[in-house]
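Visitor: I am attaching a structure below and will ask some questions about it afterwards.
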Amino acid sequence: MAVCILVVDDNADIVRLIERILIKQGHEVLAFESPLAALAAMKKGNIDLAILDIDMPEMDGLTLAAEMKKANIPFIFLSAFIDSDCVTKVEMSGAIELLLKPVRQAQLILSVTKALEKSKNRRD
C-alpha cells in the first residue's frame, strides 16, 4: 500500500512541485493550499507524513504541526526564510526536519525517505 503524504503550502506552485515529485516516487499525496482544509483531511484519513509550510495566512504551520503531533503524524517543515528563531521553533515543535524553499528534488526525496524510515522504526 502506498504511503500517504499530506502537503500544505499556501503557494500553489510549491504544492504542485512537491506533489509531482512525491507521486513519481510512488506516494499517494493529499495536497492543499489551505491549512484548514488540510486539517479537515487529516482528521478523516491515514496520513503517514506531513510536509508543512511554516508561514501561511489562515493558520501558521506551527499550529497545524501541533495538531499533527496530537495525531502522531510526523512532519517536515518548509520555509523560504530560516533564521535562528525559526530553527528554535521548529526544533521545539518536534519536526523531523526543516527544508529551505524552493526545495530541491534530491533533498526532498532524501528527507521524506528518512522521515518515513524514522516513523516506521517508532511503530515497530
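Naming scheme: A, B, ... for chains in displayed order of the C-alpha cells; residues 1 onward per chain; ligands 1 onward as shown.
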Among chain A, which residues does DSSP mark as helix (DSSP H, G or I) when it is run on the backbone? Keep the chain and numbering as in the structure and answer as a PyMOL selection string.

Guide: chain A and resi 12-24+35-44+61-70+84-93+105-123

Visitor: Pick the closest to Glu19 (chain A) from A:Ala65, A:Leu116, A:Leu108, A:Ile54: which is it, counting only C-alpha atoms?

Guide: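 Counting only C-alpha atoms, the residue closest to Glu19 (chain A) is A:Leu108.
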
Visitor: DSSP on the backbone: which residues in chain A end up as strand (DSSP E)? Give the answer as a list in words.

Guide: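 Those in chain A that DSSP calls strand (DSSP E) are Cys4, Ile5, Leu6, Val7, Val8, Glu28, Val29, Leu30, Ala31, Phe32, Leu49, Ala50, Ile51, Leu52, Asp53, Phe75, Ile76, Phe77, Leu78, Ser79, Glu97, Leu98, Leu99 and Leu100 of chain A.
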
Visitor: Which polymer residues have any atom within 8 Å of an atom of Val8 (chain A), counting only C-alpha atoms, with same-chain residues fewer than 4 positions away left out, as a ChimeraX atom specification?

Guide: /A:15,31-35,38,50-53

Visitor: What would the file look like if the residues just selected were written as an mmCIF file, in the first residue's frame with C-alpha atoms?

Guide:
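What ended up in part.cif:
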data_model
loop_
_atom_site.group_PDB
_atom_site.id
_atom_site.type_symbol
_atom_site.label_atom_id
_atom_site.label_comp_id
_atom_site.auth_asym_id
_atom_site.auth_seq_id
_atom_site.Cartn_x
_atom_site.Cartn_y
_atom_site.Cartn_z
ATOM 1 C CA VAL A 15 2.327 22.435 -3.698
ATOM 2 C CA ALA A 31 -2.133 18.453 -1.387
ATOM 3 C CA PHE A 32 -3.661 21.634 -0.027
ATOM 4 C CA GLU A 33 -3.086 25.368 -0.205
ATOM 5 C CA SER A 34 -5.330 25.845 2.831
ATOM 6 C CA PRO A 35 -4.191 24.628 6.251
ATOM 7 C CA ALA A 38 -5.652 20.076 5.289
ATOM 8 C CA ALA A 50 3.034 15.767 6.578
ATOM 9 C CA ILE A 51 5.077 18.433 4.802
ATOM 10 C CA LEU A 52 4.059 21.862 6.085
ATOM 11 C CA ASP A 53 4.918 25.430 5.225
#

Visitor: Hey, which of A:Leu49, A:Met56, A:Leu62, A:Leu6 ends up closest to Ala115 (chain A)? Count only C-alpha atoms.

Guide: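 Distance minimum relative to Ala115 (chain A) lands on A:Leu49.
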
Visitor: Considering only C-alpha atoms, return as a ChimeraX atom specification whatever protein or nucleic-acid residues lie within 10 Å of region 42-47 of chain A, sequence-local ones (same chain, fewer than 3 positions apart) excluded.

Guide: /A:3-6,28-30,36-39,50,67-68,71-74

Visitor: Which residue gives the smallest distance to Asp13 (chain A) among A:Ala41, A:Ile82, A:Ala66, A:Val103, with only C-alpha atoms counted?

Guide: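 Using only C-alpha atoms, the shortest distance to Asp13 (chain A) belongs to A:Val103.
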